[in-house]
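Trainee: Here it is, the structure, as C-alpha cells.
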Amino acid sequence: MKLQDLHVLMAVVQAGSMGKAALMLNTTQPNISRSIAELEHAFGVRLLDRHRRGIEPTESGRALLDCGVAVFDELRRGVKSIEFLADPTAGDVRIGTTAFLAASFVSALIDRLSRRHSRIRFQLVTGYLETLHRDLSERKVDLLIVRSTGPMTDERLHFEFLFEDRYVVAAGAKNPWTRRRSIQLADLAEERWVLPPRESVIGSIITQAFHAGGFEYPRATVVTDSPHMRVSLLETGRFITVFPSSALKFLTRGAALKVLSVELPAARRPNGMVTVRDRAISPVVQLVIDSARKLAGPMAK
C-alpha cells in the first residue's frame, strides 16, 4: 500500500467524487481511479460505494480512512517533533477545554508558557465534554483540560487529576447581598441570576447542588456560556451567579467580586487533563502537560 493512494482515498471521500478529488489534488481522474483500484486490489475488498449522489466509503473503507487519519497525524507529529528537537522553544499544541477553564486556568497556563517559550503556537478549542472527547479521539486536539463528570467510560482515554474546584455563589461588590453574613439558598430564589445553560458542565453541577438542598434550578434572568459576560453583569451589582472558586484566582483579576456566605451542597468537581492512552505525545505537548502540573500544584494542596 502506498501512502499516496491512501491520501487519494481520503481526498475522494472528502470531495464526494473522483472528478472533484482530481481537481483538489491537481491530477487526472484516471490517476485517481487507478489509486483506488490498487488499494481495493491490495486489500481484496471494495472501499467505495458509487451512487447517483456521489461516493461514500464502505465499512472497510471507513476502517481504512480511520487508519489514514492516524497515519498522517503521526507523520505530522513526527515532523513537528523533529522541528522541536532542532528548536525546543517552537512547536504547535492544540488544547480542548470548556469555556470557563479556557478563560481562567488555561489562559493562565498559556500566558505562563508563552512568556518562557515565545515560539510555541497555541490553538484553543472550546465546547461541551462530549464534543471535546470526540475531538480528542479524532486527533483534532492533542489533550483536554476539563472538569471530570465521573469515571472515564472510554478505556482509551486517561484522566490525570490537577486540582479540585469548589463552587460558590458570587456577586459584584456593589450587590447588597455581599453585606449579609448568613444566607440560605431559598433567600436567593427570586434574585437576578446569570447562569450557563443547564446542559453545560457547570449547569449540571448547579442542578445537583440545588436539588441536594431541596431546591429547583434557579430561574435565570440571563443564560450565557460567556464567563466574561457573567463577570461584567456581576460588576453592575444587580446579578448573582455560581462560579468555580478557581475563577476568583484567574478570571476575575481586577474585578470587584465577592463570594456570598451561602453553602452549595456537594458542589465540588475535579479538574484535570485527558489524553489518549498509548498515543505518542510530542515534546511540546509534554511541555504543556508539565507546566499545567506545576501551575495546578498549589491549588491541589
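The way I read the labels, and the way they are meant: chains A, B, ... in the order of the C-alpha cells, residue 1 as the first residue of every chain, and ligand 1 as the first ligand shown, with later ones counted on from there.
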At a cut-off of 10 Å, can you tabulate as JSON lines every residue of region 215-289 of chain A near region 155-173 of chain A together with its closest atom pair and the distance in Å to one decimal, using only C-alpha atoms and ordering rows by chain then number?
Mentor:
{"residue": "A:Arg230", "atom": "CA", "partner": "A:Ala171", "partner_atom": "CA", "distance": 9.9}
{"residue": "A:Val231", "atom": "CA", "partner": "A:Gly172", "partner_atom": "CA", "distance": 8.2}
{"residue": "A:Ser232", "atom": "CA", "partner": "A:Gly172", "partner_atom": "CA", "distance": 9.0}
{"residue": "A:Leu233", "atom": "CA", "partner": "A:Gly172", "partner_atom": "CA", "distance": 8.2}
{"residue": "A:Leu234", "atom": "CA", "partner": "A:Gly172", "partner_atom": "CA", "distance": 4.7}
{"residue": "A:Glu235", "atom": "CA", "partner": "A:Gly172", "partner_atom": "CA", "distance": 4.5}
{"residue": "A:Thr236", "atom": "CA", "partner": "A:Gly172", "partner_atom": "CA", "distance": 6.6}
{"residue": "A:Gly237", "atom": "CA", "partner": "A:Gly172", "partner_atom": "CA", "distance": 4.8}
{"residue": "A:Arg238", "atom": "CA", "partner": "A:Gly172", "partner_atom": "CA", "distance": 7.7}
{"residue": "A:Phe239", "atom": "CA", "partner": "A:Ala171", "partner_atom": "CA", "distance": 6.4}
{"residue": "A:Ile240", "atom": "CA", "partner": "A:Ala171", "partner_atom": "CA", "distance": 4.7}
{"residue": "A:Thr241", "atom": "CA", "partner": "A:Ala170", "partner_atom": "CA", "distance": 5.5}
{"residue": "A:Val242", "atom": "CA", "partner": "A:Val169", "partner_atom": "CA", "distance": 4.5}
{"residue": "A:Phe243", "atom": "CA", "partner": "A:Val168", "partner_atom": "CA", "distance": 5.5}
{"residue": "A:Pro244", "atom": "CA", "partner": "A:Tyr167", "partner_atom": "CA", "distance": 4.5}
{"residue": "A:Ser245", "atom": "CA", "partner": "A:Arg166", "partner_atom": "CA", "distance": 5.7}
{"residue": "A:Ser246", "atom": "CA", "partner": "A:Asp165", "partner_atom": "CA", "distance": 6.4}
{"residue": "A:Ala247", "atom": "CA", "partner": "A:Asp165", "partner_atom": "CA", "distance": 9.3}
{"residue": "A:Leu248", "atom": "CA", "partner": "A:Ala170", "partner_atom": "CA", "distance": 9.3}
{"residue": "A:Ala255", "atom": "CA", "partner": "A:Gly172", "partner_atom": "CA", "distance": 8.3}
{"residue": "A:Ala256", "atom": "CA", "partner": "A:Ala173", "partner_atom": "CA", "distance": 5.4}
{"residue": "A:Leu257", "atom": "CA", "partner": "A:Gly172", "partner_atom": "CA", "distance": 4.4}
{"residue": "A:Lys258", "atom": "CA", "partner": "A:Ala171", "partner_atom": "CA", "distance": 5.5}
{"residue": "A:Val259", "atom": "CA", "partner": "A:Ala170", "partner_atom": "CA", "distance": 4.4}
{"residue": "A:Leu260", "atom": "CA", "partner": "A:Ala170", "partner_atom": "CA", "distance": 5.6}
{"residue": "A:Ser261", "atom": "CA", "partner": "A:Val169", "partner_atom": "CA", "distance": 7.9}
{"residue": "A:Val262", "atom": "CA", "partner": "A:Val169", "partner_atom": "CA", "distance": 6.9}
{"residue": "A:Glu263", "atom": "CA", "partner": "A:Val168", "partner_atom": "CA", "distance": 7.5}
{"residue": "A:Leu264", "atom": "CA", "partner": "A:Val168", "partner_atom": "CA", "distance": 6.7}
{"residue": "A:Pro265", "atom": "CA", "partner": "A:Tyr167", "partner_atom": "CA", "distance": 9.3}
{"residue": "A:Ala266", "atom": "CA", "partner": "A:Arg166", "partner_atom": "CA", "distance": 8.6}
{"residue": "A:Ala267", "atom": "CA", "partner": "A:Tyr167", "partner_atom": "CA", "distance": 5.4}
{"residue": "A:Arg268", "atom": "CA", "partner": "A:Arg166", "partner_atom": "CA", "distance": 4.3}
{"residue": "A:Arg269", "atom": "CA", "partner": "A:Asp165", "partner_atom": "CA", "distance": 5.4}
{"residue": "A:Pro270", "atom": "CA", "partner": "A:Glu164", "partner_atom": "CA", "distance": 4.1}
{"residue": "A:Asn271", "atom": "CA", "partner": "A:Phe163", "partner_atom": "CA", "distance": 5.4}
{"residue": "A:Gly272", "atom": "CA", "partner": "A:Phe161", "partner_atom": "CA", "distance": 4.4}
{"residue": "A:Met273", "atom": "CA", "partner": "A:Glu160", "partner_atom": "CA", "distance": 5.2}
{"residue": "A:Val274", "atom": "CA", "partner": "A:Phe159", "partner_atom": "CA", "distance": 4.5}
{"residue": "A:Thr275", "atom": "CA", "partner": "A:His158", "partner_atom": "CA", "distance": 5.4}
{"residue": "A:Val276", "atom": "CA", "partner": "A:Leu157", "partner_atom": "CA", "distance": 4.6}
{"residue": "A:Arg277", "atom": "CA", "partner": "A:Arg156", "partner_atom": "CA", "distance": 5.4}
{"residue": "A:Asp278", "atom": "CA", "partner": "A:Arg156", "partner_atom": "CA", "distance": 8.2}
{"residue": "A:Arg279", "atom": "CA", "partner": "A:Arg156", "partner_atom": "CA", "distance": 9.4}
{"residue": "A:Ile289", "atom": "CA", "partner": "A:Glu160", "partner_atom": "CA", "distance": 9.9}
Trainee: Give the alpha helix (DSSP H) residues of region 21-177 of chain A, as DSSP finds them on the backbone, and put them as a count of residues only.
Mentor: 73
Trainee: Residues at most 9 Å from region 53-59 of chain A, counting only C-alpha atoms, excluding those fewer than 2 positions away in the same chain, as a list of chain:residue names?
Mentor: A:Val12, A:Val13, A:Ala15, A:Gly16, A:Ser17, A:Met18, A:Arg46, A:Leu47, A:Leu48, A:Asp49, A:Arg50, A:His51, A:Gly61, A:Arg62, A:Ala63, A:Leu64, A:Leu65
Trainee: Using only C-alpha atoms, which residues sit within 12 Å of Phe72 (chain A) once same-chain residues fewer than 3 positions away are excluded, as a PyMOL selection string?
Mentor: chain A and resi 3-4+6-7+10+65-69+75-79+139
Trainee: What is the CA of Ala103 (chain A)-CA of Arg134 (chain A) distance in Å, reported with one decimal?
Mentor: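 Computing it gives 21.7 Å between the two atoms.
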Trainee: Run DSSP on the backbone of this structure and report the residues of region 101-282 of chain A it assigns to strand (DSSP E or B), as a short mmCIF file (atom, residue, chain, number, x, y, z; two decimals) with all heavy atoms, in the first residue's frame.
Mentor:
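Saved result, part-v3.cif, follows:
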data_model
loop_
_atom_site.label_atom_id
_atom_site.label_comp_id
_atom_site.auth_asym_id
_atom_site.auth_seq_id
_atom_site.Cartn_x
_atom_site.Cartn_y
_atom_site.Cartn_z
N ARG A 119 7.90 30.95 20.91
CA ARG A 119 7.66 30.40 19.58
C ARG A 119 6.69 29.22 19.59
O ARG A 119 6.46 28.60 18.57
CB ARG A 119 8.99 29.99 18.93
CG ARG A 119 9.93 31.17 18.70
CD ARG A 119 11.14 30.75 17.91
NE ARG A 119 10.76 30.29 16.58
CZ ARG A 119 11.59 29.66 15.76
NH1 ARG A 119 12.84 29.41 16.16
NH2 ARG A 119 11.19 29.25 14.57
N ILE A 120 6.12 28.91 20.75
CA ILE A 120 5.05 27.90 20.78
C ILE A 120 3.76 28.55 20.29
O ILE A 120 3.42 29.65 20.70
CB ILE A 120 4.85 27.35 22.21
CG1 ILE A 120 6.10 26.59 22.66
CG2 ILE A 120 3.64 26.42 22.26
CD1 ILE A 120 6.00 26.04 24.07
N ARG A 121 3.05 27.84 19.42
CA ARG A 121 1.77 28.32 18.89
C ARG A 121 0.64 27.49 19.48
O ARG A 121 0.67 26.26 19.43
CB ARG A 121 1.76 28.25 17.36
CG ARG A 121 2.78 29.16 16.70
CD ARG A 121 2.76 29.02 15.18
NE ARG A 121 3.13 27.66 14.78
CZ ARG A 121 4.37 27.25 14.58
NH1 ARG A 121 5.38 28.10 14.78
NH2 ARG A 121 4.62 26.03 14.19
N PHE A 122 -0.35 28.18 20.04
CA PHE A 122 -1.46 27.51 20.71
C PHE A 122 -2.73 27.61 19.88
O PHE A 122 -3.06 28.69 19.37
CB PHE A 122 -1.71 28.14 22.09
CG PHE A 122 -0.55 28.05 23.03
CD1 PHE A 122 0.40 29.08 23.08
CD2 PHE A 122 -0.38 26.95 23.85
CE1 PHE A 122 1.47 29.01 23.94
CE2 PHE A 122 0.70 26.88 24.72
CZ PHE A 122 1.62 27.90 24.77
N GLN A 123 -3.45 26.51 19.78
CA GLN A 123 -4.79 26.51 19.20
C GLN A 123 -5.75 26.03 20.28
O GLN A 123 -5.61 24.92 20.79
CB GLN A 123 -4.88 25.60 17.98
CG GLN A 123 -6.29 25.56 17.38
CD GLN A 123 -6.40 24.59 16.22
OE1 GLN A 123 -5.39 24.17 15.65
NE2 GLN A 123 -7.61 24.22 15.88
N LEU A 124 -6.72 26.86 20.63
CA LEU A 124 -7.66 26.54 21.70
C LEU A 124 -9.02 26.21 21.10
O LEU A 124 -9.57 26.99 20.33
CB LEU A 124 -7.78 27.73 22.66
CG LEU A 124 -8.19 27.41 24.10
CD1 LEU A 124 -7.21 26.47 24.75
CD2 LEU A 124 -8.31 28.70 24.90
N VAL A 125 -9.55 25.05 21.47
CA VAL A 125 -10.87 24.60 21.01
C VAL A 125 -11.77 24.47 22.24
O VAL A 125 -11.43 23.75 23.18
CB VAL A 125 -10.78 23.25 20.29
CG1 VAL A 125 -12.17 22.76 19.89
CG2 VAL A 125 -9.87 23.35 19.07
N THR A 126 -12.89 25.19 22.26
CA THR A 126 -13.80 25.12 23.40
C THR A 126 -15.11 24.45 22.99
O THR A 126 -15.53 24.52 21.83
CB THR A 126 -14.10 26.52 23.96
OG1 THR A 126 -14.71 27.32 22.94
CG2 THR A 126 -12.84 27.20 24.45
N LEU A 143 -4.74 17.33 23.65
CA LEU A 143 -5.13 16.99 25.01
C LEU A 143 -6.31 17.84 25.41
O LEU A 143 -6.59 18.86 24.78
CB LEU A 143 -3.98 17.17 26.01
CG LEU A 143 -3.67 18.60 26.47
CD1 LEU A 143 -2.94 18.56 27.81
CD2 LEU A 143 -2.84 19.35 25.46
N LEU A 144 -7.00 17.40 26.46
CA LEU A 144 -8.10 18.17 27.02
C LEU A 144 -7.74 18.63 28.42
O LEU A 144 -7.06 17.92 29.17
CB LEU A 144 -9.38 17.32 27.11
CG LEU A 144 -9.89 16.65 25.83
CD1 LEU A 144 -11.16 15.87 26.14
CD2 LEU A 144 -10.12 17.67 24.73
N ILE A 145 -8.19 19.83 28.79
CA ILE A 145 -8.16 20.29 30.17
C ILE A 145 -9.61 20.59 30.53
O ILE A 145 -10.18 21.57 30.05
CB ILE A 145 -7.26 21.52 30.34
CG1 ILE A 145 -5.82 21.17 29.96
CG2 ILE A 145 -7.33 22.03 31.79
CD1 ILE A 145 -4.84 22.33 30.07
N VAL A 146 -10.21 19.71 31.33
CA VAL A 146 -11.65 19.75 31.55
C VAL A 146 -11.98 19.35 32.99
O VAL A 146 -11.13 18.84 33.73
CB VAL A 146 -12.39 18.81 30.58
CG1 VAL A 146 -12.30 19.29 29.14
CG2 VAL A 146 -11.85 17.38 30.69
N ARG A 147 -13.25 19.53 33.34
CA ARG A 147 -13.77 19.03 34.61
C ARG A 147 -14.20 17.58 34.43
O ARG A 147 -14.75 17.22 33.39
CB ARG A 147 -14.95 19.87 35.09
CG ARG A 147 -14.57 21.30 35.40
CD ARG A 147 -15.77 22.10 35.88
NE ARG A 147 -15.36 23.47 36.13
CZ ARG A 147 -15.34 24.42 35.20
NH1 ARG A 147 -15.76 24.14 33.99
NH2 ARG A 147 -14.93 25.63 35.49
N LEU A 157 -9.06 6.53 26.94
CA LEU A 157 -8.74 7.84 27.47
C LEU A 157 -8.23 7.75 28.91
O LEU A 157 -8.68 6.91 29.69
CB LEU A 157 -9.96 8.76 27.40
CG LEU A 157 -10.60 8.94 26.02
CD1 LEU A 157 -11.78 9.90 26.10
CD2 LEU A 157 -9.58 9.42 25.00
N HIS A 158 -7.31 8.64 29.23
CA HIS A 158 -6.73 8.67 30.58
C HIS A 158 -6.94 10.06 31.19
O HIS A 158 -6.62 11.07 30.54
CB HIS A 158 -5.24 8.36 30.53
CG HIS A 158 -4.53 8.60 31.83
ND1 HIS A 158 -4.76 7.86 32.96
CD2 HIS A 158 -3.59 9.54 32.17
CE1 HIS A 158 -4.00 8.30 33.94
NE2 HIS A 158 -3.29 9.33 33.49
N PHE A 159 -7.48 10.11 32.40
CA PHE A 159 -7.70 11.37 33.10
C PHE A 159 -6.65 11.52 34.20
O PHE A 159 -6.48 10.63 35.05
CB PHE A 159 -9.10 11.40 33.73
CG PHE A 159 -9.39 12.66 34.52
CD1 PHE A 159 -9.82 13.82 33.89
CD2 PHE A 159 -9.23 12.69 35.90
CE1 PHE A 159 -10.09 14.98 34.60
CE2 PHE A 159 -9.49 13.83 36.63
CZ PHE A 159 -9.92 14.98 35.97
N GLU A 160 -5.94 12.66 34.20
CA GLU A 160 -4.96 12.96 35.25
C GLU A 160 -5.45 14.15 36.07
O GLU A 160 -5.67 15.23 35.54
CB GLU A 160 -3.60 13.29 34.65
CG GLU A 160 -2.56 13.65 35.71
CD GLU A 160 -1.21 14.05 35.12
OE1 GLU A 160 -0.94 13.69 33.96
OE2 GLU A 160 -0.44 14.73 35.84
N PHE A 161 -5.63 13.94 37.35
CA PHE A 161 -6.13 14.98 38.25
C PHE A 161 -5.14 16.14 38.35
O PHE A 161 -3.93 15.94 38.46
CB PHE A 161 -6.37 14.38 39.63
CG PHE A 161 -6.72 15.40 40.69
CD1 PHE A 161 -8.02 15.86 40.81
CD2 PHE A 161 -5.74 15.89 41.55
CE1 PHE A 161 -8.34 16.80 41.79
CE2 PHE A 161 -6.06 16.82 42.52
CZ PHE A 161 -7.37 17.28 42.64
N LEU A 162 -5.67 17.38 38.30
CA LEU A 162 -4.86 18.57 38.51
C LEU A 162 -5.24 19.27 39.82
O LEU A 162 -4.39 19.50 40.68
CB LEU A 162 -5.03 19.54 37.33
CG LEU A 162 -4.34 19.16 36.03
CD1 LEU A 162 -4.71 20.15 34.93
CD2 LEU A 162 -2.82 19.11 36.20
N PHE A 163 -6.51 19.64 39.96
CA PHE A 163 -6.96 20.31 41.18
C PHE A 163 -8.47 20.18 41.29
O PHE A 163 -9.17 19.96 40.30
CB PHE A 163 -6.54 21.79 41.21
CG PHE A 163 -7.17 22.62 40.12
CD1 PHE A 163 -8.35 23.33 40.34
CD2 PHE A 163 -6.58 22.72 38.86
CE1 PHE A 163 -8.93 24.10 39.34
CE2 PHE A 163 -7.15 23.49 37.85
CZ PHE A 163 -8.32 24.19 38.10
N GLU A 164 -8.97 20.31 42.51
CA GLU A 164 -10.41 20.23 42.73
C GLU A 164 -10.98 21.64 42.86
O GLU A 164 -10.39 22.51 43.50
CB GLU A 164 -10.72 19.44 44.01
CG GLU A 164 -12.20 19.23 44.23
CD GLU A 164 -12.50 18.42 45.48
OE1 GLU A 164 -12.20 18.91 46.59
OE2 GLU A 164 -13.03 17.31 45.35
N ASP A 165 -12.12 21.84 42.22
CA ASP A 165 -12.81 23.12 42.31
C ASP A 165 -14.04 22.98 43.19
O ASP A 165 -14.80 22.01 43.06
CB ASP A 165 -13.27 23.59 40.92
CG ASP A 165 -12.61 24.89 40.48
OD1 ASP A 165 -12.20 25.65 41.38
OD2 ASP A 165 -12.51 25.13 39.28
N ARG A 166 -14.21 23.92 44.10
CA ARG A 166 -15.50 24.02 44.78
C ARG A 166 -16.26 25.16 44.12
O ARG A 166 -15.67 26.05 43.50
CB ARG A 166 -15.32 24.28 46.28
CG ARG A 166 -14.75 25.62 46.65
CD ARG A 166 -14.50 25.72 48.14
NE ARG A 166 -14.00 27.04 48.50
CZ ARG A 166 -14.76 28.05 48.90
NH1 ARG A 166 -16.08 27.87 48.99
NH2 ARG A 166 -14.25 29.21 49.20
N TYR A 167 -17.57 25.11 44.22
CA TYR A 167 -18.40 26.09 43.53
C TYR A 167 -19.06 27.01 44.54
O TYR A 167 -19.52 26.56 45.60
CB TYR A 167 -19.42 25.39 42.64
CG TYR A 167 -18.74 24.77 41.45
CD1 TYR A 167 -18.04 23.57 41.56
CD2 TYR A 167 -18.72 25.43 40.23
CE1 TYR A 167 -17.37 23.04 40.48
CE2 TYR A 167 -18.04 24.89 39.14
CZ TYR A 167 -17.37 23.70 39.28
OH TYR A 167 -16.69 23.17 38.21
N VAL A 168 -19.07 28.29 44.23
CA VAL A 168 -19.54 29.31 45.16
C VAL A 168 -20.54 30.22 44.46
O VAL A 168 -20.54 30.35 43.23
CB VAL A 168 -18.36 30.15 45.70
CG1 VAL A 168 -17.38 29.29 46.47
CG2 VAL A 168 -17.63 30.86 44.54
N VAL A 169 -21.40 30.84 45.26
CA VAL A 169 -22.30 31.86 44.75
C VAL A 169 -21.58 33.20 44.86
O VAL A 169 -21.06 33.55 45.93
CB VAL A 169 -23.62 31.91 45.54
CG1 VAL A 169 -24.54 33.00 44.98
CG2 VAL A 169 -24.32 30.55 45.46
N ALA A 170 -21.50 33.93 43.76
CA ALA A 170 -20.74 35.18 43.72
C ALA A 170 -21.61 36.34 43.25
O ALA A 170 -22.60 36.14 42.54
CB ALA A 170 -19.52 35.03 42.81
N ALA A 171 -21.21 37.53 43.64
CA ALA A 171 -21.91 38.76 43.24
C ALA A 171 -20.89 39.89 43.15
O ALA A 171 -19.75 39.76 43.62
CB ALA A 171 -22.99 39.11 44.26
N GLY A 172 -21.30 40.98 42.52
CA GLY A 172 -20.43 42.16 42.47
C GLY A 172 -20.36 42.83 43.83
O GLY A 172 -21.25 42.68 44.67
N TRP A 193 -30.40 35.95 38.44
CA TRP A 193 -29.31 35.00 38.22
C TRP A 193 -28.80 35.13 36.78
O TRP A 193 -29.58 35.25 35.84
CB TRP A 193 -29.77 33.57 38.44
CG TRP A 193 -30.04 33.21 39.87
CD1 TRP A 193 -31.21 33.36 40.56
CD2 TRP A 193 -29.11 32.63 40.78
NE1 TRP A 193 -31.07 32.90 41.85
CE2 TRP A 193 -29.78 32.45 42.02
CE3 TRP A 193 -27.78 32.23 40.70
CZ2 TRP A 193 -29.18 31.89 43.13
CZ3 TRP A 193 -27.16 31.67 41.81
CH2 TRP A 193 -27.85 31.51 43.01
N VAL A 194 -27.49 35.08 36.62
CA VAL A 194 -26.90 34.94 35.30
C VAL A 194 -26.12 33.62 35.32
O VAL A 194 -25.18 33.45 36.10
CB VAL A 194 -25.99 36.14 34.92
CG1 VAL A 194 -24.98 36.45 36.02
CG2 VAL A 194 -25.26 35.88 33.61
N LEU A 195 -26.58 32.67 34.49
CA LEU A 195 -26.11 31.29 34.59
C LEU A 195 -25.78 30.72 33.22
O LEU A 195 -26.28 31.19 32.19
CB LEU A 195 -27.18 30.42 35.26
CG LEU A 195 -27.52 30.75 36.72
CD1 LEU A 195 -28.73 29.93 37.17
CD2 LEU A 195 -26.33 30.50 37.63
N ALA A 220 -33.12 31.74 35.62
CA ALA A 220 -32.07 32.67 35.20
C ALA A 220 -32.65 33.85 34.44
O ALA A 220 -33.47 33.68 33.54
CB ALA A 220 -31.06 31.94 34.33
N THR A 221 -32.20 35.04 34.81
CA THR A 221 -32.53 36.24 34.03
C THR A 221 -31.73 36.27 32.74
O THR A 221 -32.23 36.70 31.70
CB THR A 221 -32.24 37.50 34.86
OG1 THR A 221 -32.98 37.44 36.08
CG2 THR A 221 -32.65 38.76 34.10
N VAL A 222 -30.48 35.81 32.82
CA VAL A 222 -29.60 35.76 31.65
C VAL A 222 -28.96 34.38 31.60
O VAL A 222 -28.44 33.88 32.60
CB VAL A 222 -28.49 36.83 31.73
CG1 VAL A 222 -27.59 36.76 30.50
CG2 VAL A 222 -29.09 38.22 31.88
N VAL A 223 -29.00 33.75 30.44
CA VAL A 223 -28.34 32.47 30.21
C VAL A 223 -27.22 32.70 29.19
O VAL A 223 -27.48 33.15 28.07
CB VAL A 223 -29.32 31.41 29.68
CG1 VAL A 223 -28.57 30.10 29.37
CG2 VAL A 223 -30.43 31.16 30.69
N ILE A 240 -26.36 37.81 40.37
CA ILE A 240 -25.57 36.82 41.10
C ILE A 240 -25.38 35.61 40.19
O ILE A 240 -26.12 35.42 39.23
CB ILE A 240 -26.23 36.39 42.43
CG1 ILE A 240 -27.62 35.79 42.18
CG2 ILE A 240 -26.29 37.55 43.40
CD1 ILE A 240 -28.27 35.25 43.45
N THR A 241 -24.37 34.81 40.50
CA THR A 241 -24.09 33.63 39.67
C THR A 241 -23.41 32.57 40.52
O THR A 241 -23.11 32.79 41.71
CB THR A 241 -23.21 33.99 38.47
OG1 THR A 241 -23.21 32.91 37.54
CG2 THR A 241 -21.77 34.29 38.90
N VAL A 242 -23.13 31.44 39.89
CA VAL A 242 -22.32 30.38 40.51
C VAL A 242 -21.02 30.29 39.72
O VAL A 242 -21.04 30.16 38.49
CB VAL A 242 -23.06 29.03 40.50
CG1 VAL A 242 -22.14 27.92 41.01
CG2 VAL A 242 -24.32 29.10 41.35
N PHE A 243 -19.91 30.39 40.46
CA PHE A 243 -18.59 30.33 39.85
C PHE A 243 -17.79 29.18 40.44
O PHE A 243 -17.95 28.85 41.63
CB PHE A 243 -17.80 31.62 40.16
CG PHE A 243 -17.97 32.72 39.16
CD1 PHE A 243 -17.58 34.01 39.49
CD2 PHE A 243 -18.47 32.49 37.91
CE1 PHE A 243 -17.72 35.04 38.58
CE2 PHE A 243 -18.61 33.51 36.99
CZ PHE A 243 -18.23 34.79 37.33
N PRO A 244 -16.87 28.59 39.67
CA PRO A 244 -15.82 27.76 40.29
C PRO A 244 -14.90 28.69 41.08
O PRO A 244 -14.64 29.81 40.65
CB PRO A 244 -15.08 27.15 39.10
CG PRO A 244 -15.88 27.48 37.89
CD PRO A 244 -16.73 28.66 38.21
N LEU A 257 -15.46 41.39 42.77
CA LEU A 257 -16.46 40.35 43.01
C LEU A 257 -16.29 39.79 44.42
O LEU A 257 -15.18 39.76 44.97
CB LEU A 257 -16.33 39.23 41.99
CG LEU A 257 -16.44 39.61 40.52
CD1 LEU A 257 -16.41 38.36 39.66
CD2 LEU A 257 -17.71 40.40 40.25
N LYS A 258 -17.39 39.33 44.99
CA LYS A 258 -17.38 38.78 46.34
C LYS A 258 -18.09 37.43 46.34
O LYS A 258 -19.05 37.21 45.60
CB LYS A 258 -18.10 39.73 47.32
CG LYS A 258 -17.50 41.13 47.41
CD LYS A 258 -16.16 41.11 48.12
CE LYS A 258 -15.63 42.53 48.31
NZ LYS A 258 -14.31 42.54 48.98
N VAL A 259 -17.62 36.54 47.22
CA VAL A 259 -18.29 35.26 47.43
C VAL A 259 -19.34 35.45 48.52
O VAL A 259 -19.04 35.97 49.60
CB VAL A 259 -17.28 34.17 47.86
CG1 VAL A 259 -18.01 32.87 48.19
CG2 VAL A 259 -16.26 33.94 46.75
N ARG A 268 -18.58 20.24 44.31
CA ARG A 268 -17.14 20.11 44.08
C ARG A 268 -16.91 19.22 42.87
O ARG A 268 -17.63 18.25 42.66
CB ARG A 268 -16.44 19.52 45.30
CG ARG A 268 -16.40 20.45 46.50
CD ARG A 268 -15.72 19.78 47.68
NE ARG A 268 -15.65 20.66 48.83
CZ ARG A 268 -14.66 21.49 49.08
NH1 ARG A 268 -13.63 21.54 48.26
NH2 ARG A 268 -14.66 22.27 50.14
N ARG A 269 -15.90 19.54 42.08
CA ARG A 269 -15.55 18.72 40.93
C ARG A 269 -14.04 18.76 40.71
O ARG A 269 -13.41 19.80 40.84
CB ARG A 269 -16.24 19.23 39.66
CG ARG A 269 -17.72 18.93 39.58
CD ARG A 269 -18.01 17.43 39.44
NE ARG A 269 -19.42 17.20 39.20
CZ ARG A 269 -20.35 17.21 40.15
NH1 ARG A 269 -20.00 17.47 41.40
NH2 ARG A 269 -21.61 16.98 39.85
N PRO A 270 -13.44 17.61 40.34
CA PRO A 270 -12.02 17.61 39.98
C PRO A 270 -11.81 18.12 38.56
O PRO A 270 -12.62 17.88 37.67
CB PRO A 270 -11.65 16.12 40.09
CG PRO A 270 -12.92 15.38 39.85
CD PRO A 270 -14.03 16.26 40.38
N ASN A 271 -10.74 18.85 38.37
CA ASN A 271 -10.30 19.30 37.05
C ASN A 271 -9.03 18.55 36.69
O ASN A 271 -8.19 18.27 37.56
CB ASN A 271 -10.02 20.80 37.03
CG ASN A 271 -11.26 21.61 37.31
OD1 ASN A 271 -12.15 21.69 36.49
ND2 ASN A 271 -11.32 22.23 38.48
N GLY A 272 -8.85 18.25 35.42
CA GLY A 272 -7.65 17.54 35.05
C GLY A 272 -7.42 17.51 33.55
O GLY A 272 -8.11 18.19 32.79
N MET A 273 -6.44 16.72 33.16
CA MET A 273 -6.06 16.59 31.75
C MET A 273 -6.49 15.22 31.24
O MET A 273 -6.36 14.21 31.93
CB MET A 273 -4.56 16.75 31.58
CG MET A 273 -4.04 18.12 31.97
SD MET A 273 -2.23 18.26 31.80
CE MET A 273 -1.68 17.25 33.19
N VAL A 274 -7.00 15.18 30.02
CA VAL A 274 -7.38 13.93 29.37
C VAL A 274 -6.50 13.74 28.15
O VAL A 274 -6.38 14.63 27.30
CB VAL A 274 -8.86 13.93 28.95
CG1 VAL A 274 -9.23 12.58 28.31
CG2 VAL A 274 -9.76 14.20 30.15
N THR A 275 -5.86 12.57 28.06
CA THR A 275 -5.05 12.21 26.91
C THR A 275 -5.46 10.82 26.45
O THR A 275 -6.21 10.12 27.13
CB THR A 275 -3.55 12.20 27.27
OG1 THR A 275 -3.33 11.39 28.44
CG2 THR A 275 -3.05 13.61 27.57
N VAL A 276 -4.97 10.41 25.29
CA VAL A 276 -5.27 9.08 24.74
C VAL A 276 -4.15 8.14 25.14
O VAL A 276 -2.97 8.43 24.92
CB VAL A 276 -5.41 9.13 23.21
CG1 VAL A 276 -5.70 7.73 22.65
CG2 VAL A 276 -6.53 10.09 22.81
#
Trainee: What does the distance from CA of Val141 (chain A) to CA of Ile95 (chain A) come to in Å, to one decimal?
Mentor: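 A separation of 5.7 Å between them.
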Trainee: Determine the nearest neighbour of Ala280 (chain A) from the options A:Val106, A:Ala292, A:Ser148, A:Asp142, counting only C-alpha atoms.
Mentor: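 Using only C-alpha atoms, Ala280 (chain A) sits closest to A:Asp142.
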Trainee: Determine, counting only C-alpha atoms, which protein, DNA and RNA residues have an atom within 12 Å of an atom of Leu113 (chain A); residues of the same chain fewer than 2 positions away are not included. Present the result as a count of residues only.
Mentor: 28
Trainee: What is the distance, in Å and to one decimal place, between CA of Gly44 (chain A) and CA of Asn26 (chain A)?
Mentor: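 Computing it gives 27.8 Å between the two atoms.
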